[in-house]
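Worksheet: the structure to be examined is printed underneath.
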Amino acid sequence: MPASSPTLSIGEIAHRSGVPHSALRFYEDRGLISSHRTSGNQRRYERSVLRRLAFIRSAQRVGLSLEDIQAALTTLPEGRTPTKADWARLSRQWRSELDTRIDGMVRLRDRLDSCIGCGCLSLATCGLHNPDDELAAQGPGAPMLRPSREGGR
């Protein structure tokens, strides 16, 4: 196939993106990417799908759900390839969510060796960080790992 072809086969997309065929079909079934069919019923993808796939895989790597990814992708324009400005707008929308996730990961890393953010998840009482189970009033789970209320995060 000539390099100037406006569309790519599922095999070409899989090779260029590193995403397996099965995942491409799954993403298409979920509405994350789209293709059209040839007269021989073969899937053909626009080249812009490669950028969407890079976005999907990057978002998954940082722990975002497919539902969040799909919601973000629906904000991109239909009928034209998204521009740099479109992608920048989408990434700005996620900045707060990503900052919250980063904060949670830092808290987990820094407190992992101190009973997983204390809430006495596995000990009857914790004389280190939570004497007399004082943190129970803050609700279930590990309250020390929740985003802090100060500073907007």
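Lettering and numbering for the structure tokens are positional, with chains as A, B, ... in the shown order, residues counted from 1 in each chain, and ligands counted from 1 in the shown order.
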
Taking only C-alpha atoms into account, produce a table as CSV in which each residue of range 5-65 of chain A with an atom at most 12 Å from an atom of range 87-107 of chain A appears once, together with its shortest atom pair and the distance in Å to one decimal, ordered by chain and rising number.
```
residue,atom,partner,partner_atom,distance
A:Arg51,CA,A:Trp87,CA,9.8
A:Arg52,CA,A:Trp87,CA,9.9
A:Ala54,CA,A:Trp87,CA,11.9
A:Phe55,CA,A:Trp87,CA,9.4
A:Ser58,CA,A:Ser91,CA,11.8
A:Ala59,CA,A:Leu98,CA,9.8
A:Arg61,CA,A:Leu98,CA,11.9
A:Val62,CA,A:Leu98,CA,8.3
A:Gly63,CA,A:Arg101,CA,8.6
A:Leu64,CA,A:Leu98,CA,9.0
A:Ser65,CA,A:Glu97,CA,11.9
```

* **Pairwise distance for CA of Thr83 in chain A and CA of Leu32 in chain A, rounded to one decimal in Å** =>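 Between CA of Thr83 in chain A and CA of Leu32 in chain A the gap works out to 17.6 Å.
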
* Would you list, as a PyMOL selection string, the residues of range 16-126 of chain A that end up in alpha helix (DSSP H) under DSSP run on this structure's backbone? => chain A and resi 16-17+21-29+49-61+66-73+84-111

* Asked: What are the DSSP strand (DSSP E or B) residues of range 2-140 of chain A, as a list of chain:residue names?
  ->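 Filtering range 2-140 of chain A to strand (DSSP E or B) leaves A:Thr7, A:Leu8, A:Ser9, A:His36, A:Arg37, A:Arg43, A:Arg44, A:Tyr45, A:Glu46, A:Cys126, A:Asn130.
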
Please produce an output containing C-alpha atoms for each residue in the selection, written as an mmCIF file, in the first residue's frame.
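Ended up saving to out-v6.cif:
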```cif
data_model
loop_
_atom_site.group_PDB
_atom_site.id
_atom_site.type_symbol
_atom_site.label_atom_id
_atom_site.label_comp_id
_atom_site.auth_asym_id
_atom_site.auth_seq_id
_atom_site.Cartn_x
_atom_site.Cartn_y
_atom_site.Cartn_z
ATOM 1 C CA THR A 7 -6.579 4.959 5.503
ATOM 2 C CA LEU A 8 -4.833 2.046 7.156
ATOM 3 C CA SER A 9 -5.823 -1.592 7.641
ATOM 4 C CA HIS A 36 -15.281 2.107 8.083
ATOM 5 C CA ARG A 37 -15.666 -1.073 6.071
ATOM 6 C CA ARG A 43 -11.816 -2.441 8.547
ATOM 7 C CA ARG A 44 -10.109 0.765 7.390
ATOM 8 C CA TYR A 45 -8.938 3.413 9.846
ATOM 9 C CA GLU A 46 -8.130 7.069 9.333
ATOM 10 C CA CYS A 126 -2.098 1.269 65.724
ATOM 11 C CA ASN A 130 -3.641 6.078 64.833
#
```

* How far is it from CA of Ile33 in chain A to CA of Ser48 in chain A, in Å with one decimal? ->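 Between these atoms lies a distance of 9.7 Å.
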
* Find the residue from A:Glu67, A:Gln60, A:Ala72, A:Leu50 that sits nearest to Gly18 in chain A; use only C-alpha atoms when measuring. => A:Leu50

* To do: Just give me the gap between CA of Lys84 in chain A and CA of Val49 in chain A in Å, one decimal is fine.
  => 14.6 Å

* **Close residues, Ser22 in chain A itself excluded, 12 Å, only C-alpha atoms, min 4 positions apart in chain, as number ranges by chain** => A: 10-11, 13-14, 18, 26-29

Keeping N, CA and C atoms for every residue in the selection just given, could you write it to a file as a short mmCIF file (atom, residue, chain, number, x, y, z; two decimals), in the first residue's frame?
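Saved as out_32.cif:
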```cif
data_model
loop_
_atom_site.label_atom_id
_atom_site.label_comp_id
_atom_site.auth_asym_id
_atom_site.auth_seq_id
_atom_site.Cartn_x
_atom_site.Cartn_y
_atom_site.Cartn_z
N ILE A 10 -6.38 -2.77 9.69
CA ILE A 10 -6.24 -3.09 11.11
C ILE A 10 -4.82 -3.60 11.40
N GLY A 11 -4.23 -4.35 10.48
CA GLY A 11 -2.88 -4.83 10.67
C GLY A 11 -1.87 -3.70 10.68
N ILE A 13 -2.51 -0.54 11.48
CA ILE A 13 -2.75 0.23 12.71
C ILE A 13 -2.12 -0.51 13.90
N ALA A 14 -2.32 -1.82 13.96
CA ALA A 14 -1.75 -2.61 15.05
C ALA A 14 -0.23 -2.51 15.05
N GLY A 18 1.32 -0.49 18.06
CA GLY A 18 1.71 -1.47 19.07
C GLY A 18 0.52 -2.00 19.85
N PHE A 26 -11.86 -4.17 20.41
CA PHE A 26 -12.50 -3.82 21.68
C PHE A 26 -12.72 -2.31 21.78
N TYR A 27 -11.69 -1.52 21.48
CA TYR A 27 -11.82 -0.06 21.53
C TYR A 27 -12.89 0.41 20.56
N GLU A 28 -12.95 -0.22 19.41
CA GLU A 28 -13.98 0.17 18.44
C GLU A 28 -15.37 -0.19 18.96
N ASP A 29 -15.51 -1.35 19.54
CA ASP A 29 -16.81 -1.74 20.12
C ASP A 29 -17.24 -0.77 21.22
#
```
